[in-house]
Structure formats: C-alpha cells, structure tokens
>>> print(open('target_5.cif').read())   # mmCIF, N, CA and C atoms
data_protein
#
loop_
_atom_site.label_atom_id
_atom_site.label_comp_id
_atom_site.auth_asym_id
_atom_site.auth_seq_id
_atom_site.Cartn_x
_atom_site.Cartn_y
_atom_site.Cartn_z
N MET A 1 18.25 -27.29 5.62
CA MET A 1 18.27 -25.90 6.07
C MET A 1 17.62 -25.78 7.46
N ALA A 2 18.20 -24.95 8.28
CA ALA A 2 17.68 -24.75 9.64
C ALA A 2 16.33 -24.02 9.59
N HIS A 3 15.53 -24.31 10.57
CA HIS A 3 14.24 -23.63 10.70
C HIS A 3 14.48 -22.16 11.06
N VAL A 4 13.78 -21.28 10.39
CA VAL A 4 13.95 -19.84 10.64
C VAL A 4 12.67 -19.29 11.27
N GLU A 5 12.82 -18.59 12.36
CA GLU A 5 11.71 -17.90 13.02
C GLU A 5 11.66 -16.47 12.51
N GLU A 6 10.46 -15.93 12.42
CA GLU A 6 10.30 -14.54 12.01
C GLU A 6 9.34 -13.85 12.97
N VAL A 7 9.57 -12.59 13.22
CA VAL A 7 8.64 -11.79 14.01
C VAL A 7 8.65 -10.37 13.45
N GLU A 8 7.47 -9.78 13.46
CA GLU A 8 7.32 -8.42 12.96
C GLU A 8 6.52 -7.63 14.00
N GLU A 9 6.92 -6.40 14.21
CA GLU A 9 6.21 -5.56 15.17
C GLU A 9 6.28 -4.12 14.70
N THR A 10 5.18 -3.40 14.89
CA THR A 10 5.10 -1.99 14.52
C THR A 10 4.70 -1.18 15.74
N VAL A 11 5.33 -0.03 15.91
CA VAL A 11 5.00 0.86 17.01
C VAL A 11 5.00 2.29 16.48
N GLU A 12 4.09 3.11 17.00
CA GLU A 12 4.09 4.53 16.66
C GLU A 12 4.76 5.28 17.80
N VAL A 13 5.69 6.17 17.45
CA VAL A 13 6.38 6.96 18.46
C VAL A 13 6.10 8.44 18.23
N ALA A 14 5.98 9.17 19.32
CA ALA A 14 5.64 10.60 19.24
C ALA A 14 6.90 11.45 19.16
N VAL A 15 7.72 11.15 18.14
CA VAL A 15 8.90 11.96 17.82
C VAL A 15 9.02 12.03 16.30
N PRO A 16 9.71 13.06 15.78
CA PRO A 16 9.91 13.15 14.33
C PRO A 16 10.71 11.96 13.80
N VAL A 17 10.54 11.65 12.51
CA VAL A 17 11.22 10.49 11.91
C VAL A 17 12.73 10.59 12.09
N ARG A 18 13.30 11.78 11.96
CA ARG A 18 14.76 11.93 12.10
C ARG A 18 15.23 11.51 13.49
N THR A 19 14.46 11.86 14.52
CA THR A 19 14.82 11.51 15.89
C THR A 19 14.77 10.00 16.10
N ALA A 20 13.69 9.37 15.64
CA ALA A 20 13.54 7.91 15.80
C ALA A 20 14.65 7.18 15.05
N TYR A 21 14.90 7.59 13.81
CA TYR A 21 15.94 6.97 13.00
C TYR A 21 17.32 7.15 13.64
N ASN A 22 17.64 8.39 14.02
CA ASN A 22 18.96 8.65 14.60
C ASN A 22 19.20 7.79 15.84
N GLN A 23 18.16 7.65 16.69
CA GLN A 23 18.33 6.84 17.90
C GLN A 23 18.65 5.40 17.53
N TRP A 24 17.99 4.88 16.51
CA TRP A 24 18.21 3.48 16.14
C TRP A 24 19.63 3.25 15.61
N THR A 25 20.31 4.31 15.13
CA THR A 25 21.69 4.15 14.67
C THR A 25 22.67 4.11 15.85
N GLN A 26 22.18 4.37 17.04
CA GLN A 26 23.04 4.36 18.24
C GLN A 26 22.96 2.96 18.86
N PHE A 27 23.59 2.00 18.18
CA PHE A 27 23.46 0.59 18.55
C PHE A 27 23.89 0.31 19.99
N GLU A 28 24.87 1.08 20.47
CA GLU A 28 25.36 0.83 21.83
C GLU A 28 24.33 1.17 22.90
N SER A 29 23.24 1.87 22.52
CA SER A 29 22.17 2.17 23.48
C SER A 29 21.13 1.05 23.54
N PHE A 30 21.20 0.05 22.66
CA PHE A 30 20.18 -1.01 22.61
C PHE A 30 19.92 -1.70 23.94
N PRO A 31 20.95 -1.98 24.77
CA PRO A 31 20.65 -2.66 26.04
C PRO A 31 19.70 -1.86 26.93
N GLN A 32 19.56 -0.55 26.70
CA GLN A 32 18.67 0.26 27.51
C GLN A 32 17.20 -0.03 27.23
N PHE A 33 16.89 -0.62 26.06
CA PHE A 33 15.49 -0.93 25.77
C PHE A 33 15.27 -2.31 25.16
N MET A 34 16.33 -3.10 25.02
CA MET A 34 16.17 -4.45 24.48
C MET A 34 16.53 -5.48 25.53
N SER A 35 15.53 -6.24 25.99
CA SER A 35 15.80 -7.28 26.96
C SER A 35 16.61 -8.38 26.25
N GLY A 36 17.53 -8.96 26.97
CA GLY A 36 18.34 -10.01 26.38
C GLY A 36 19.61 -9.52 25.72
N VAL A 37 19.69 -8.21 25.48
CA VAL A 37 20.91 -7.65 24.87
C VAL A 37 21.79 -7.12 26.01
N GLU A 38 22.92 -7.79 26.20
CA GLU A 38 23.84 -7.39 27.27
C GLU A 38 24.68 -6.18 26.82
N SER A 39 25.18 -6.25 25.57
CA SER A 39 25.98 -5.14 25.05
C SER A 39 26.04 -5.20 23.53
N VAL A 40 26.23 -4.02 22.94
CA VAL A 40 26.50 -3.90 21.51
C VAL A 40 27.69 -2.96 21.39
N THR A 41 28.74 -3.42 20.72
CA THR A 41 29.93 -2.60 20.52
C THR A 41 30.04 -2.30 19.04
N GLN A 42 30.04 -1.02 18.69
CA GLN A 42 30.17 -0.64 17.29
C GLN A 42 31.63 -0.75 16.90
N LEU A 43 31.92 -1.63 15.92
CA LEU A 43 33.29 -1.87 15.49
C LEU A 43 33.68 -0.92 14.36
N THR A 44 32.77 -0.74 13.40
CA THR A 44 32.98 0.21 12.30
C THR A 44 31.62 0.86 12.03
N ASP A 45 31.52 1.69 11.01
CA ASP A 45 30.23 2.30 10.66
C ASP A 45 29.19 1.24 10.34
N THR A 46 29.62 0.06 9.86
CA THR A 46 28.65 -0.94 9.40
C THR A 46 28.71 -2.27 10.14
N THR A 47 29.61 -2.42 11.11
CA THR A 47 29.67 -3.69 11.85
C THR A 47 29.56 -3.46 13.36
N ASN A 48 28.87 -4.41 14.01
CA ASN A 48 28.66 -4.35 15.46
C ASN A 48 28.89 -5.73 16.06
N HIS A 49 29.41 -5.75 17.29
CA HIS A 49 29.58 -7.00 18.03
C HIS A 49 28.52 -7.04 19.13
N TRP A 50 27.72 -8.10 19.16
CA TRP A 50 26.61 -8.25 20.10
C TRP A 50 26.93 -9.32 21.14
N VAL A 51 26.51 -9.06 22.37
CA VAL A 51 26.49 -10.09 23.41
C VAL A 51 25.05 -10.15 23.90
N THR A 52 24.43 -11.31 23.75
CA THR A 52 23.03 -11.49 24.17
C THR A 52 22.94 -12.62 25.18
N LYS A 53 21.92 -12.55 26.00
CA LYS A 53 21.64 -13.62 26.95
C LYS A 53 20.14 -13.81 26.99
N VAL A 54 19.68 -14.90 26.42
CA VAL A 54 18.26 -15.18 26.33
C VAL A 54 18.03 -16.58 26.88
N GLY A 55 17.12 -16.70 27.85
CA GLY A 55 16.83 -18.00 28.43
C GLY A 55 18.05 -18.66 29.03
N GLY A 56 18.94 -17.83 29.59
CA GLY A 56 20.14 -18.37 30.23
C GLY A 56 21.26 -18.71 29.26
N VAL A 57 21.02 -18.55 27.95
CA VAL A 57 22.04 -18.87 26.95
C VAL A 57 22.72 -17.59 26.49
N GLN A 58 24.03 -17.50 26.74
CA GLN A 58 24.77 -16.33 26.29
C GLN A 58 25.34 -16.61 24.90
N ARG A 59 25.27 -15.61 24.04
CA ARG A 59 25.74 -15.76 22.69
C ARG A 59 26.44 -14.47 22.26
N GLU A 60 27.49 -14.61 21.49
CA GLU A 60 28.17 -13.44 20.92
C GLU A 60 28.20 -13.61 19.41
N PHE A 61 27.95 -12.53 18.70
CA PHE A 61 27.99 -12.58 17.25
C PHE A 61 28.20 -11.17 16.70
N ASP A 62 28.63 -11.12 15.46
CA ASP A 62 28.83 -9.84 14.78
C ASP A 62 27.74 -9.68 13.73
N THR A 63 27.31 -8.43 13.54
CA THR A 63 26.34 -8.13 12.49
C THR A 63 26.94 -7.09 11.56
N GLU A 64 26.47 -7.13 10.32
CA GLU A 64 26.86 -6.11 9.34
C GLU A 64 25.60 -5.46 8.81
N ILE A 65 25.68 -4.15 8.62
CA ILE A 65 24.57 -3.42 8.01
C ILE A 65 24.71 -3.59 6.50
N VAL A 66 23.64 -4.07 5.87
CA VAL A 66 23.69 -4.36 4.44
C VAL A 66 22.92 -3.33 3.62
N ASP A 67 22.08 -2.54 4.26
CA ASP A 67 21.30 -1.53 3.55
C ASP A 67 20.89 -0.47 4.57
N GLN A 68 21.21 0.78 4.28
CA GLN A 68 20.86 1.84 5.21
C GLN A 68 20.60 3.12 4.44
N ALA A 69 19.42 3.72 4.69
CA ALA A 69 19.07 5.00 4.07
C ALA A 69 18.48 5.88 5.17
N PRO A 70 19.09 7.05 5.43
CA PRO A 70 18.63 7.90 6.53
C PRO A 70 17.13 8.17 6.50
N ASP A 71 16.52 8.07 7.67
CA ASP A 71 15.10 8.33 7.90
C ASP A 71 14.18 7.35 7.17
N ASP A 72 14.74 6.25 6.66
CA ASP A 72 13.92 5.29 5.93
C ASP A 72 14.09 3.87 6.45
N ARG A 73 15.32 3.34 6.41
CA ARG A 73 15.50 1.94 6.78
C ARG A 73 16.94 1.62 7.19
N ILE A 74 17.06 0.54 7.97
CA ILE A 74 18.35 -0.05 8.31
C ILE A 74 18.14 -1.56 8.23
N ALA A 75 18.95 -2.25 7.44
CA ALA A 75 18.87 -3.71 7.35
C ALA A 75 20.22 -4.29 7.75
N TRP A 76 20.19 -5.42 8.46
CA TRP A 76 21.42 -6.03 8.95
C TRP A 76 21.30 -7.54 8.90
N ARG A 77 22.45 -8.21 9.02
CA ARG A 77 22.48 -9.67 9.14
C ARG A 77 23.73 -10.05 9.91
N SER A 78 23.68 -11.22 10.53
CA SER A 78 24.87 -11.69 11.23
C SER A 78 25.91 -12.08 10.20
N THR A 79 27.17 -11.88 10.53
CA THR A 79 28.24 -12.14 9.56
C THR A 79 28.44 -13.62 9.33
N ASP A 80 27.90 -14.48 10.23
CA ASP A 80 27.99 -15.92 9.98
C ASP A 80 26.91 -16.36 8.99
N GLY A 81 26.03 -15.41 8.62
CA GLY A 81 25.06 -15.67 7.58
C GLY A 81 23.85 -16.50 7.95
N LYS A 82 23.75 -16.94 9.24
CA LYS A 82 22.63 -17.82 9.53
C LYS A 82 21.82 -17.46 10.76
N SER A 83 22.44 -16.86 11.77
CA SER A 83 21.73 -16.81 13.04
C SER A 83 20.78 -15.63 13.21
N HIS A 84 20.94 -14.58 12.42
CA HIS A 84 20.18 -13.37 12.74
C HIS A 84 20.15 -12.42 11.54
N ALA A 85 18.98 -11.85 11.26
CA ALA A 85 18.87 -10.81 10.23
C ALA A 85 17.65 -9.97 10.54
N GLY A 86 17.61 -8.77 10.01
CA GLY A 86 16.44 -7.93 10.26
C GLY A 86 16.46 -6.66 9.44
N ILE A 87 15.31 -6.02 9.45
CA ILE A 87 15.19 -4.70 8.82
C ILE A 87 14.24 -3.87 9.67
N ILE A 88 14.56 -2.61 9.81
CA ILE A 88 13.66 -1.69 10.51
C ILE A 88 13.37 -0.55 9.54
N ARG A 89 12.08 -0.20 9.46
CA ARG A 89 11.64 0.86 8.56
C ARG A 89 11.00 1.99 9.36
N PHE A 90 11.22 3.20 8.90
CA PHE A 90 10.70 4.40 9.56
C PHE A 90 9.80 5.14 8.58
N THR A 91 8.56 5.39 8.99
CA THR A 91 7.61 6.09 8.13
C THR A 91 7.06 7.30 8.88
N PRO A 92 7.32 8.52 8.38
CA PRO A 92 6.76 9.69 9.06
C PRO A 92 5.23 9.71 8.91
N LEU A 93 4.53 9.88 10.03
CA LEU A 93 3.07 9.99 10.00
C LEU A 93 2.67 11.46 9.91
N ASP A 94 3.44 12.30 10.62
CA ASP A 94 3.32 13.75 10.51
C ASP A 94 4.62 14.32 11.07
N ALA A 95 4.67 15.60 11.32
CA ALA A 95 5.93 16.24 11.73
C ALA A 95 6.47 15.71 13.06
N THR A 96 5.57 15.17 13.91
CA THR A 96 6.02 14.75 15.25
C THR A 96 5.67 13.31 15.59
N HIS A 97 5.28 12.51 14.61
CA HIS A 97 4.95 11.10 14.87
C HIS A 97 5.53 10.21 13.76
N THR A 98 6.05 9.06 14.18
CA THR A 98 6.70 8.14 13.25
C THR A 98 6.24 6.72 13.50
N LYS A 99 6.01 5.98 12.40
CA LYS A 99 5.73 4.55 12.50
C LYS A 99 7.06 3.82 12.35
N VAL A 100 7.36 2.95 13.32
CA VAL A 100 8.59 2.18 13.30
C VAL A 100 8.19 0.70 13.18
N LYS A 101 8.66 0.05 12.12
CA LYS A 101 8.29 -1.35 11.87
C LYS A 101 9.56 -2.18 11.79
N VAL A 102 9.64 -3.19 12.65
CA VAL A 102 10.82 -4.05 12.67
C VAL A 102 10.44 -5.46 12.23
N HIS A 103 11.34 -6.10 11.51
CA HIS A 103 11.15 -7.48 11.06
C HIS A 103 12.45 -8.22 11.38
N PHE A 104 12.37 -9.22 12.25
CA PHE A 104 13.54 -10.03 12.64
C PHE A 104 13.39 -11.43 12.09
N GLU A 105 14.51 -12.03 11.73
CA GLU A 105 14.56 -13.46 11.40
C GLU A 105 15.75 -14.04 12.15
N TRP A 106 15.58 -15.24 12.68
CA TRP A 106 16.71 -15.90 13.34
C TRP A 106 16.50 -17.40 13.30
N ALA A 107 17.59 -18.12 13.48
CA ALA A 107 17.57 -19.59 13.49
C ALA A 107 17.82 -20.07 14.90
N PRO A 108 16.77 -20.54 15.60
CA PRO A 108 16.98 -21.07 16.95
C PRO A 108 17.89 -22.30 16.88
N GLU A 109 18.87 -22.35 17.79
CA GLU A 109 19.84 -23.45 17.74
C GLU A 109 19.69 -24.42 18.91
N THR A 110 19.53 -23.90 20.11
CA THR A 110 19.46 -24.80 21.27
C THR A 110 18.02 -25.23 21.52
N ALA A 111 17.87 -26.26 22.34
CA ALA A 111 16.53 -26.74 22.70
C ALA A 111 15.74 -25.63 23.39
N THR A 112 16.42 -24.85 24.24
CA THR A 112 15.75 -23.74 24.94
C THR A 112 15.24 -22.71 23.94
N GLU A 113 16.09 -22.36 22.96
CA GLU A 113 15.69 -21.38 21.95
C GLU A 113 14.53 -21.90 21.11
N LYS A 114 14.58 -23.21 20.76
CA LYS A 114 13.50 -23.79 19.95
C LYS A 114 12.19 -23.83 20.72
N ALA A 115 12.27 -24.14 22.02
CA ALA A 115 11.06 -24.14 22.86
C ALA A 115 10.50 -22.73 22.96
N GLY A 116 11.38 -21.75 23.16
CA GLY A 116 10.94 -20.35 23.24
C GLY A 116 10.26 -19.91 21.97
N ALA A 117 10.82 -20.32 20.82
CA ALA A 117 10.22 -19.98 19.54
C ALA A 117 8.85 -20.62 19.40
N ALA A 118 8.74 -21.88 19.80
CA ALA A 118 7.45 -22.59 19.69
C ALA A 118 6.38 -21.93 20.54
N LEU A 119 6.78 -21.42 21.69
CA LEU A 119 5.83 -20.77 22.60
C LEU A 119 5.61 -19.30 22.26
N LYS A 120 6.29 -18.83 21.24
CA LYS A 120 6.18 -17.43 20.78
C LYS A 120 6.70 -16.43 21.83
N ILE A 121 7.60 -16.91 22.69
CA ILE A 121 8.19 -16.02 23.70
C ILE A 121 8.96 -14.90 23.02
N ASP A 122 9.63 -15.25 21.90
CA ASP A 122 10.43 -14.26 21.18
C ASP A 122 9.54 -13.14 20.65
N ASN A 123 8.36 -13.51 20.14
CA ASN A 123 7.43 -12.50 19.62
C ASN A 123 7.03 -11.53 20.73
N MET A 124 6.74 -12.09 21.91
CA MET A 124 6.34 -11.25 23.04
C MET A 124 7.49 -10.33 23.45
N GLN A 125 8.72 -10.85 23.39
CA GLN A 125 9.88 -10.05 23.77
C GLN A 125 10.07 -8.90 22.80
N VAL A 126 9.93 -9.16 21.50
CA VAL A 126 10.09 -8.09 20.51
C VAL A 126 9.02 -7.02 20.71
N LYS A 127 7.78 -7.44 20.97
CA LYS A 127 6.70 -6.47 21.22
C LYS A 127 7.04 -5.61 22.44
N ALA A 128 7.50 -6.26 23.51
CA ALA A 128 7.86 -5.54 24.73
C ALA A 128 9.03 -4.59 24.48
N ASP A 129 10.03 -5.04 23.72
CA ASP A 129 11.19 -4.20 23.44
C ASP A 129 10.81 -2.99 22.60
N MET A 130 9.90 -3.16 21.66
CA MET A 130 9.48 -2.02 20.85
C MET A 130 8.69 -1.02 21.69
N ARG A 131 7.93 -1.50 22.66
CA ARG A 131 7.24 -0.59 23.59
C ARG A 131 8.28 0.15 24.43
N LYS A 132 9.35 -0.57 24.83
CA LYS A 132 10.40 0.07 25.62
C LYS A 132 11.15 1.12 24.79
N PHE A 133 11.35 0.84 23.49
CA PHE A 133 11.97 1.84 22.61
C PHE A 133 11.10 3.09 22.55
N LYS A 134 9.80 2.88 22.41
CA LYS A 134 8.84 4.00 22.37
C LYS A 134 8.96 4.83 23.64
N ASP A 135 8.94 4.17 24.80
CA ASP A 135 9.05 4.88 26.08
C ASP A 135 10.40 5.60 26.19
N PHE A 136 11.46 4.91 25.76
CA PHE A 136 12.82 5.45 25.84
C PHE A 136 12.93 6.75 25.03
N ILE A 137 12.50 6.71 23.78
CA ILE A 137 12.67 7.88 22.91
C ILE A 137 11.68 8.99 23.26
N GLU A 138 10.47 8.62 23.66
CA GLU A 138 9.49 9.66 24.01
C GLU A 138 9.83 10.33 25.33
N SER A 139 10.39 9.58 26.27
CA SER A 139 10.72 10.20 27.57
C SER A 139 11.92 11.13 27.42
N ARG A 140 12.83 10.81 26.50
CA ARG A 140 13.99 11.67 26.25
C ARG A 140 13.59 12.87 25.40
N GLY A 141 12.75 12.62 24.38
CA GLY A 141 12.35 13.68 23.46
C GLY A 141 13.38 13.98 22.40
N SER A 142 14.58 13.41 22.55
CA SER A 142 15.62 13.61 21.55
C SER A 142 16.51 12.37 21.52
N GLU A 143 17.23 12.22 20.45
CA GLU A 143 18.12 11.07 20.30
C GLU A 143 19.40 11.28 21.09
N THR A 144 20.10 10.17 21.41
CA THR A 144 21.38 10.27 22.11
C THR A 144 22.51 10.54 21.12
N GLY A 145 22.21 10.47 19.83
CA GLY A 145 23.20 10.73 18.78
C GLY A 145 22.62 10.24 17.47
N GLY A 146 23.42 10.26 16.42
CA GLY A 146 22.93 9.78 15.14
C GLY A 146 24.04 9.62 14.13
N TRP A 147 23.87 8.66 13.22
CA TRP A 147 24.79 8.48 12.11
C TRP A 147 23.98 8.57 10.85
N ARG A 148 24.34 9.50 9.95
CA ARG A 148 23.51 9.80 8.79
C ARG A 148 24.06 9.21 7.49
N GLY A 149 25.01 8.29 7.60
CA GLY A 149 25.60 7.68 6.41
C GLY A 149 24.66 6.73 5.69
N GLU A 150 24.97 6.42 4.45
CA GLU A 150 24.18 5.47 3.68
C GLU A 150 25.03 4.24 3.42
N VAL A 151 24.38 3.10 3.33
CA VAL A 151 25.07 1.84 3.02
C VAL A 151 24.37 1.24 1.82
#
>>> encode(input="target_5.cif", output="structure tokens")
Amino acid sequence: MAHVEEVEETVEVAVPVRTAYNQWTQFESFPQFMSGVESVTQLTDTTNHWVTKVGGVQREFDTEIVDQAPDDRIAWRSTDGKSHAGIIRFTPLDATHTKVKVHFEWAPETATEKAGAALKIDNMQVKADMRKFKDFIESRGSETGGWRGEV
C-alpha cells in the first residue's frame, strides 16, 4: 500500500455557519484561495474535475462527494480511489462565527511530492490556504453562491 500523508487544520471565520458552508460548496472558486489549484470544474452536483500544479507537477483528477450535510460537513475522495480524500466540518461558534476544520489525505507519487511531504510543505500550504479562505470569506462578508443538497 502507498504511503498516505494526512494534514488537519482548523480556522475560525467571522461569518455565520451558513455563509462559510455555502462558500465551500462553490468549488469553482477554490483557485481564489487555494495555492496549487489551477481550476475546479463542477461536472455534476457531486463530481468535480481538478487541475493542480504543485512543485512544478501538474495533475488532473476527478473527485466525488461521498457525504454532504448542509452547514455541517462535506466529504470527498478522488474517483481513482487513491490519490486524494478529505472532509471539512463546520461548527457554529455563535451567530456570526464558525469553526472550519479540514482533514486531507493524499498519496504522494513523485519524488518531488514525497520530498514535499517529508518537509511538511503540504501542511504549511494547507494552513496558508485556510488563512486565505478566512480572508476571502471575511472580506466579502457573503458567499458567492451555495448548494444546499445532501449526499
């Protein structure tokens, strides 16, 4: 079995849980706050096509949402079953503040990816991206859209 890297990060955002959750359902906005994500194309309500470029390595893959409950959680995995999976949870702290906790798992494949994982570069990137999400949603004050379906 391939080695799996995991990273977890929590950030508090000064918006209501519905706003934070709705923004996270707008996958096509991810490149605005996720470094390394070139594009996300929503194919259906539950599948997305990703183009990423990390450490000079471009990769394309599809993800499927496997569990989704409005204002609570979104869980996904790559459709090839090995390269990427994650869950994000939303916890209201009060009417205008939300705790957002993300947990990613992935299998580094190239030497560059394995070196990055060993140096914990990925962990730093996830921390930075979650701070960028916080800045993105707080500076807007509202979501760019939302999907309220359950999976």
>>> residues_around(input="target_5.cif", residues="A:Gly86", least_positions_apart="4", cutoff="5 Å", atoms="all atoms listed in the file", output="list of chain:residue names")
A:Ala75, A:Trp76, A:Arg77, A:His103, A:Phe104, A:Glu105
>>> resolve_selection(input="target_5.cif", expression="the PyMOL selection byres ((chain A and resi 40-49) around 5)", output="PyMOL selection string")
chain A and resi 28+38-39+50-51+61-65
>>> resolve_selection(input="target_5.cif", expression="the PyMOL selection byres (((chain A and resi 128 and name CA) around 12) and name CA)", output="VMD selection string")
chain A and resid 9 to 11 33 to 36 121 to 127 129 to 135
>>> resolve_selection(input="target_5.cif", expression="the PyMOL selection byres ((chain A and resi 67-70) around 6)", output="tab-separated table (two decimals) with N, CA and C atoms, in the coordinates of the input")
chain	number	residue	atom	x	y	z
A	65	ILE	N	25.68	-4.15	8.62
A	65	ILE	CA	24.57	-3.42	8.01
A	65	ILE	C	24.71	-3.59	6.50
A	66	VAL	N	23.64	-4.07	5.87
A	66	VAL	CA	23.69	-4.36	4.44
A	66	VAL	C	22.92	-3.33	3.62
A	71	ASP	N	16.52	8.07	7.67
A	71	ASP	CA	15.10	8.33	7.90
A	71	ASP	C	14.18	7.35	7.17
A	72	ASP	N	14.74	6.25	6.66
A	72	ASP	CA	13.92	5.29	5.93
A	72	ASP	C	14.09	3.87	6.45
A	73	ARG	N	15.32	3.34	6.41
A	73	ARG	CA	15.50	1.94	6.78
A	73	ARG	C	16.94	1.62	7.19
A	74	ILE	N	17.06	0.54	7.97
A	74	ILE	CA	18.35	-0.05	8.31
A	74	ILE	C	18.14	-1.56	8.23
A	75	ALA	N	18.95	-2.25	7.44
A	75	ALA	CA	18.87	-3.71	7.35
A	75	ALA	C	20.22	-4.29	7.75
A	76	TRP	N	20.19	-5.42	8.46
A	76	TRP	CA	21.42	-6.03	8.95
A	76	TRP	C	21.30	-7.54	8.90
A	148	ARG	N	24.34	9.50	9.95
A	148	ARG	CA	23.51	9.80	8.79
A	148	ARG	C	24.06	9.21	7.49
A	149	GLY	N	25.01	8.29	7.60
A	149	GLY	CA	25.60	7.68	6.41
A	149	GLY	C	24.66	6.73	5.69
A	150	GLU	N	24.97	6.42	4.45
A	150	GLU	CA	24.18	5.47	3.68
A	150	GLU	C	25.03	4.24	3.42
A	151	VAL	N	24.38	3.10	3.33
A	151	VAL	CA	25.07	1.84	3.02
A	151	VAL	C	24.37	1.24	1.82
>>> select_by_dssp(input="target_5.cif", residues="stretch 12-117 of chain A", states="alpha helix (DSSP H)", output="ChimeraX atom specification")
/A:17-24,111-117
>>> atom_distance(input="target_5.cif", atom1="atom N of A:Val100", atom2="atom C of A:Glu12")
5.7 Å
>>> closest_residue(input="target_5.cif", among="A:Glu138, A:Glu113, A:Glu6, A:Glu143", to="A:Val57", atoms="all atoms listed in the file")
A:Glu113
>>> residues_around(input="target_5.cif", residues="A:Ala14", least_positions_apart="6", cutoff="6.5 Å", atoms="only N, CA and C atoms", output="MDAnalysis selection string")
chainID A and resid 96:98 138
>>> select_by_dssp(input="target_5.cif", residues="stretch 37-136 of chain A", states="strand (DSSP E or B)", output="JSON, numbers by chain")
{"A": [37, 38, 39, 40, 41, 42, 47, 48, 49, 50, 51, 52, 53, 54, 57, 58, 59, 60, 61, 62, 63, 64, 65, 66, 67, 68, 69, 73, 74, 75, 76, 77, 78, 84, 85, 86, 87, 88, 89, 90, 91, 92, 93, 94, 97, 98, 99, 100, 101, 102, 103, 104, 105, 106]}
>>> residues_around(input="target_5.cif", residues="A:His3", least_positions_apart="6", cutoff="6 Å", atoms="all atoms listed in the file", output="PyMOL selection string")
chain A and resi 106-108
>>> closest_residue(input="target_5.cif", among="A:Val102, A:Pro92, A:Ala111, A:Val4", to="A:Arg18", atoms="all atoms listed in the file")
A:Pro92
>>> atom_distance(input="target_5.cif", atom1="atom CA of A:Ala118", atom2="atom CA of A:Phe27")
28.2 Å
>>> atom_distance(input="target_5.cif", atom1="atom CA of A:Pro31", atom2="atom CA of A:Glu5")
21.9 Å
>>> closest_residue(input="target_5.cif", among="A:Leu93, A:Val54, A:Ala117, A:Val13", to="A:Val37", atoms="all atoms listed in the file")
A:Val54
>>> axis_aligned_box(input="target_5.cif", around="stretch 28-46 of chain A", padding_each_side="8 Å", output="AutoDock Vina command-line options")
--center_x 24.5 --center_y -3.9 --center_z 18.5 --size_x 34.4 --size_y 28.3 --size_z 34.1
>>> closest_residue(input="target_5.cif", among="A:Gln26, A:Thr91, A:Ser83, A:Ser78", to="A:Thr110", atoms="only C-alpha atoms")
A:Ser83
